[in-house]
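Everything on this sheet refers to the single structure shown next.
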Amino acid sequence: MSPPVAPPGWSRWLVPPAALSVHLSIGQAYAWSVFKPPLESALGLSGTQSALPFQLGIVMLGLSAAFGGTLVERRGPRWAMTVALVCFSSGFLLSALGAATEQYWLIVFGYGFVGGIGLGIGYISPVSTLIKWFPDRPGMATGIAIMGFGGGALIASPWSAQMLESFGGDSTGIALAFLVHGLSYAVFMTLGVLLVRVPRTPKPAEGTPNAPTGPQVSARTAVRTPQFWCLWVVLCMNVTAGIGILEKAAPMITDFFADTSTPVSVSAAAGFVALLSAANMAGRIGWSSTSDLIGRKNIYRVYLGVGAVMYALIALFGDSSKPLFILCALVILSFYGGGFATVPAYLKDLFGTYQVGAIHGRLLTAWSTAGVLGPLIVNWIADRQEEAGRHGSALYGLSFVIMIGLLVVGFVANELVRPVHVRHHIPAPREETADVHRQQPESA
Amino acid sequence: MSTDSSQSPPSRRGLIAFAWVWVGAPLAYGLYELVRKATQLFTG
């Protein structure tokens with residue numbers, strides 16, 4: 001499958017919906033928890049067992065993004081979106097078969113392994129293309145797509161819950177729900193496959209700026225530069241800090257105000273979690289677009305520096321003021337989302353558009369690491385504090401201090417980011433044609 | 001130059017609108033459900 005080159009007059013505003021159709025679908029992964037209780041009761045599983053498909057899916061997301069990135073750059077976005085569609089939908093169909101036959105291993109393999117490949121390839125599939133179409137606003141463009149990944153869970157969570165309610169929570173009902181998910185997502189993602197195009201010229205649409213100039217670095221070379229690893233640390237620390245709140249949001253707000261005159265009810269805690277999701281999503285598009293105006297390094301100074309201040313405020317005054325606690329948590333979660341969405345544009349600034357998708361894929365291993373690190377820190381410390389007889393906000397004080405430390409480490413790593421040395425750049429063939437080659441690497 | 005004016009590229013407005021509605025409608029549903037749930041923080 002050759003990369004689909006845009007015909008004359010093709011609008012670049014068709015590319016974000018193509019990207020969104022994929023990201024809104026694969027973002028369903030974060031709504032896996034909806035399936036956990038019915039699976040546990042229908043198949044007699046423990047909580048740990050029912051989490052396996054999601055956990056394997058996230059591992060496969062990281063692995064397939066890291067190892068499949070170069071292939072995505074070579075084959076183009078349509079190939080990548082097709083692979084994502086086939087894998088993600090097949091994962092659901094295999095899970096439907098697994099639920100119908102009560103073979104849980106098939107659900108783990110289908111949703112986790114096969115679907116997980118779809119997650120990874122789908123996540124990076126539009127990034128490089130969007131940056132090429134929006135050289136003037138790469139932060140906004142990737143922000144739209146990556147916001148979709150957050151939005152996917154918002155759609156899937158109530159939709160899946162309603163479906164399970166209609167079909168029933170037994171194995172037949174779950175199988176039917178998986179089947180409908182697989183077919184619906186296949187249809188929904190088809191829009192992305194059909195619409196996505198790579199720009200044909202350095203000037204993709206009338207009125208848009210020229211193609212970007214500057215460094216062009218291959219993925220293989222990029223991972224050998226200190227800039228890549230500084231960014232890896234930046235992303236890992238920022239995500240860890242966000243997950244620190246996200247992981248235990250509901251029990252955290254309940255514990256914080258348990259001993260006050262205004263305790264938080266279970267439904268109010270659920271509302272808090274929903275509000276955090278909104279902040280996470282808004283941060284993805286809002287902060288990433290802001291980075292186009294103030295620069296990538298500066299926006300990460302805000303994420304990491306102001307993020308540390310927000311954690312300090314929660315640690316010092318959080319239990320005395322509910323609005324302050326909520327406000328700080330919302331800001332932290334908006335930075336968490338912003339960090340995800342801004343990093344492709346940061347990579348583009350440092351390494352150029354040549355293989356930015358592949359480099360982004362490799363950088364996502366920082367996400368996988370943070371996904372383990374963040375929950376581990378917060379849960380382990382909260383458990384130890386509880387064993388020591390502490391309660392309320394005291395359960396989280398030490399976690400917050402560690403989060404502040406991690407954010408400071410990320411801040412320092414961001415300060416160490418310098419332009420990539422010219423010896424790492426790929427040689428330009430000829431001055432007058434360099435931009436064209438840069439703009440269409442997939443067709444090479 | 002004359003070729004450009006005689007073969008102007010087709011307008012994609014309809015397609016753009018369709019594509020954005022395609023992704024915007026489910027997203028609006030998700031946001032609606034989110035707002036409904038988030039209000040529980042202040043009412044619950």
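Chain identifiers are assigned as A, B, and so on, following the order in which chains appear in the structure tokens; residues are numbered from 1 within each chain, and ligands are numbered from 1 in order of appearance.
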Requested in this report: Give the residues of chain B that lie within 8 Å of chain A; count only C-alpha atoms, and format the answer as a ChimeraX atom specification.
Outcome: /B:9-12,15-16,19-20,23,26-27,29-31,33-35,37-44
Dump of C-alpha atoms for the selected residues, as a PDB file, in the first residue's frame:
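Written out: out_29.pdb:
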```pdb
ATOM      1  CA  PRO B   9      -9.914  21.893  -7.541  1.00  0.00           C
ATOM      2  CA  PRO B  10     -13.318  20.756  -6.266  1.00  0.00           C
ATOM      3  CA  SER B  11     -14.694  22.312  -3.106  1.00  0.00           C
ATOM      4  CA  ARG B  12     -14.410  19.952  -0.138  1.00  0.00           C
ATOM      5  CA  LEU B  15     -16.798  16.441   2.944  1.00  0.00           C
ATOM      6  CA  ILE B  16     -15.138  18.534   5.652  1.00  0.00           C
ATOM      7  CA  ALA B  19     -16.019  14.341   8.534  1.00  0.00           C
ATOM      8  CA  TRP B  20     -16.211  16.717  11.499  1.00  0.00           C
ATOM      9  CA  VAL B  23     -16.179  12.503  14.857  1.00  0.00           C
ATOM     10  CA  PRO B  26     -19.883  10.836  19.428  1.00  0.00           C
ATOM     11  CA  LEU B  27     -17.486  13.227  21.128  1.00  0.00           C
ATOM     12  CA  TYR B  29     -22.238  12.514  23.470  1.00  0.00           C
ATOM     13  CA  GLY B  30     -19.184  11.667  25.574  1.00  0.00           C
ATOM     14  CA  LEU B  31     -18.826  15.254  26.761  1.00  0.00           C
ATOM     15  CA  GLU B  33     -22.222  12.285  29.772  1.00  0.00           C
ATOM     16  CA  LEU B  34     -19.062  13.706  31.327  1.00  0.00           C
ATOM     17  CA  VAL B  35     -20.742  16.969  32.307  1.00  0.00           C
ATOM     18  CA  LYS B  37     -21.311  13.035  35.917  1.00  0.00           C
ATOM     19  CA  ALA B  38     -19.078  15.965  36.847  1.00  0.00           C
ATOM     20  CA  THR B  39     -22.005  17.951  38.229  1.00  0.00           C
ATOM     21  CA  GLN B  40     -22.306  15.267  40.939  1.00  0.00           C
ATOM     22  CA  LEU B  41     -19.212  16.822  42.515  1.00  0.00           C
ATOM     23  CA  PHE B  42     -21.262  19.886  43.352  1.00  0.00           C
ATOM     24  CA  THR B  43     -24.627  18.238  43.938  1.00  0.00           C
ATOM     25  CA  GLY B  44     -23.705  14.781  45.292  1.00  0.00           C
TER      26      GLY B  44
END
```
Report task. Using DSSP on the backbone coordinates, identify the residues of range 327-443 of chain A assigned to helix (DSSP H, G or I); present them as an NGL selection string. Result -> :A and (327-351 or 356-363 or 365-387 or 392-395 or 397-415 or 422-424 or 434-439 or 441-443)
Report task. Considering only C-alpha atoms, return as a PyMOL selection string whatever protein or nucleic-acid residues lie within 7 Å of range 72-80 of chain A, sequence-local ones (same chain, fewer than 6 positions apart) excluded. Result -> chain A and resi 1-4+121-122+125-126+129+193+196+355+357-358+442
Query raised in the report: Using only C-alpha atoms, which residue out of A:Ile144, A:Ala222, A:Ala258, A:Leu106 lies closest to Lys322 in chain A?
Result: A:Ala258
Please list as a PDB file with C-alpha atoms, in the first residue's frame every residue within 9 Å of Tyr111 in chain A, counting only C-alpha atoms and excluding residues in the same chain fewer than 5 positions away.
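Okay, selection.pdb is ready:
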```
ATOM      1  CA  PRO A  53      -6.469  -7.642  28.855  1.00  0.00           C
ATOM      2  CA  PHE A  54      -6.018  -3.918  29.577  1.00  0.00           C
ATOM      3  CA  LEU A  56      -1.359  -6.484  28.094  1.00  0.00           C
ATOM      4  CA  GLY A  57      -2.968  -3.961  25.729  1.00  0.00           C
ATOM      5  CA  PHE A  88      -8.329  -3.197  17.151  1.00  0.00           C
ATOM      6  CA  SER A  89     -11.575  -4.570  15.695  1.00  0.00           C
ATOM      7  CA  SER A  90     -10.262  -8.143  15.460  1.00  0.00           C
ATOM      8  CA  GLY A  91      -9.299  -7.882  19.100  1.00  0.00           C
ATOM      9  CA  PHE A  92     -12.933  -7.254  19.986  1.00  0.00           C
ATOM     10  CA  LEU A  93     -14.167 -10.014  17.684  1.00  0.00           C
ATOM     11  CA  LEU A  94     -11.753 -12.520  19.226  1.00  0.00           C
ATOM     12  CA  SER A  95     -12.887 -11.342  22.657  1.00  0.00           C
ATOM     13  CA  LEU A 106      -8.924 -15.700  24.144  1.00  0.00           C
ATOM     14  CA  GLY A 116      -2.906  -3.750  21.762  1.00  0.00           C
TER      15      GLY A 116
END
```
Report task. Could you check how far CA of Arg220 in chain A sits from CA of Ile359 in chain A, in Å to one decimal? Result ->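 Separation between CA of Arg220 in chain A and CA of Ile359 in chain A: 8.2 Å.
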So which residues touch Asn379 in chain A within 10 Å, counting only C-alpha atoms, skipping near sequence neighbours fewer than 2 positions away, as a compact mmCIF listing (two decimals) with all heavy atoms, in the first residue's frame?
```txt
# COMPACT_ATOMS: atom_id res chain seq x y z
N GLY A 244 -0.12 9.96 39.36
CA GLY A 244 -0.15 9.98 40.82
C GLY A 244 -1.49 10.45 41.36
O GLY A 244 -1.98 9.96 42.38
N GLU A 247 -4.65 7.97 39.34
CA GLU A 247 -4.78 6.59 39.80
C GLU A 247 -5.70 6.47 41.02
O GLU A 247 -6.48 5.55 41.12
CB GLU A 247 -3.37 6.07 40.12
CG GLU A 247 -3.29 4.81 40.95
CD GLU A 247 -3.75 3.57 40.20
OE1 GLU A 247 -3.93 3.64 38.98
OE2 GLU A 247 -3.95 2.52 40.86
N LYS A 248 -5.58 7.42 41.95
CA LYS A 248 -6.34 7.28 43.19
C LYS A 248 -7.24 8.48 43.45
O LYS A 248 -7.48 8.86 44.61
CB LYS A 248 -5.35 7.10 44.36
CG LYS A 248 -4.80 5.69 44.47
CD LYS A 248 -3.96 5.52 45.71
CE LYS A 248 -4.75 5.13 46.92
NZ LYS A 248 -5.18 3.74 46.93
N GLY A 374 4.00 5.50 38.47
CA GLY A 374 3.05 6.39 39.16
C GLY A 374 2.15 5.66 40.14
O GLY A 374 2.15 5.96 41.34
N PRO A 375 1.39 4.65 39.66
CA PRO A 375 0.51 3.92 40.57
C PRO A 375 1.28 3.21 41.69
O PRO A 375 0.83 3.16 42.83
CB PRO A 375 -0.18 2.90 39.67
CG PRO A 375 -0.07 3.46 38.30
CD PRO A 375 1.19 4.23 38.28
N LEU A 376 2.47 2.70 41.33
CA LEU A 376 3.29 1.98 42.32
C LEU A 376 3.64 2.90 43.49
O LEU A 376 3.48 2.53 44.66
CB LEU A 376 4.58 1.48 41.63
CG LEU A 376 5.35 0.40 42.36
CD1 LEU A 376 4.59 -0.91 42.28
CD2 LEU A 376 6.73 0.23 41.73
N ILE A 377 4.09 4.10 43.18
CA ILE A 377 4.49 5.05 44.23
C ILE A 377 3.30 5.38 45.13
O ILE A 377 3.36 5.23 46.35
CB ILE A 377 5.07 6.35 43.61
CG1 ILE A 377 6.39 6.06 42.91
CG2 ILE A 377 5.26 7.43 44.67
CD1 ILE A 377 6.92 7.22 42.07
N ILE A 381 2.90 3.71 48.95
CA ILE A 381 3.04 4.64 50.09
C ILE A 381 1.74 4.72 50.89
O ILE A 381 1.76 4.69 52.12
CB ILE A 381 3.50 6.02 49.60
CG1 ILE A 381 4.96 5.91 49.13
CG2 ILE A 381 3.38 7.07 50.70
CD1 ILE A 381 5.53 7.15 48.52
N ALA A 382 0.61 4.81 50.18
CA ALA A 382 -0.68 4.90 50.89
C ALA A 382 -0.90 3.65 51.76
O ALA A 382 -1.35 3.76 52.92
CB ALA A 382 -1.81 5.06 49.89
N ASP A 383 -0.54 2.47 51.22
CA ASP A 383 -0.70 1.23 51.99
C ASP A 383 0.18 1.23 53.23
O ASP A 383 -0.23 0.83 54.32
CB ASP A 383 -0.37 0.01 51.11
CG ASP A 383 -1.42 -0.22 50.04
OD1 ASP A 383 -2.50 0.40 50.14
OD2 ASP A 383 -1.15 -1.00 49.10
N ARG A 384 1.45 1.67 53.06
CA ARG A 384 2.39 1.68 54.20
C ARG A 384 1.90 2.67 55.27
O ARG A 384 1.98 2.39 56.46
CB ARG A 384 3.79 2.10 53.74
CG ARG A 384 4.49 1.15 52.77
CD ARG A 384 4.83 -0.20 53.39
NE ARG A 384 3.73 -1.13 53.29
CZ ARG A 384 3.36 -1.78 52.18
NH1 ARG A 384 4.01 -1.60 51.05
NH2 ARG A 384 2.34 -2.62 52.18
N GLN A 385 1.41 3.83 54.83
CA GLN A 385 0.94 4.84 55.78
C GLN A 385 -0.27 4.32 56.55
O GLN A 385 -0.41 4.55 57.75
CB GLN A 385 0.56 6.14 55.05
CG GLN A 385 1.70 6.79 54.29
CD GLN A 385 2.75 7.39 55.21
OE1 GLN A 385 2.50 7.68 56.36
NE2 GLN A 385 3.96 7.56 54.69
N LEU A 395 -2.10 10.04 54.32
CA LEU A 395 -1.79 8.87 53.50
C LEU A 395 -0.99 9.25 52.25
O LEU A 395 -0.29 8.43 51.67
CB LEU A 395 -3.08 8.16 53.06
CG LEU A 395 -3.96 7.54 54.13
CD1 LEU A 395 -5.25 7.02 53.51
CD2 LEU A 395 -3.23 6.42 54.84
N TYR A 396 -1.12 10.50 51.82
CA TYR A 396 -0.58 10.90 50.52
C TYR A 396 0.57 11.90 50.59
O TYR A 396 1.20 12.19 49.57
CB TYR A 396 -1.70 11.49 49.65
CG TYR A 396 -2.88 10.57 49.53
CD1 TYR A 396 -4.02 10.74 50.31
CD2 TYR A 396 -2.84 9.49 48.66
CE1 TYR A 396 -5.10 9.88 50.22
CE2 TYR A 396 -3.91 8.61 48.56
CZ TYR A 396 -5.04 8.82 49.34
OH TYR A 396 -6.09 7.95 49.24
N SER A 399 3.86 10.80 49.13
CA SER A 399 3.74 10.63 47.66
C SER A 399 3.88 11.98 46.97
O SER A 399 4.55 12.10 45.94
CB SER A 399 2.38 10.05 47.28
OG SER A 399 2.22 8.79 47.82
```
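With only C-alpha atoms taken into account, the protein and nucleic acid residues at most 8 Å from Val331 in chain A (excluding it and anything under 5 positions from it in its own chain) are Ala279, Gly307 and Met310 of chain A.
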Report task. Between CA of Gly98 in chain A and CA of Val34 in chain A, measure the distance and give it in Å to one decimal. Result ->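 Interatomic distance here is 17.3 Å.
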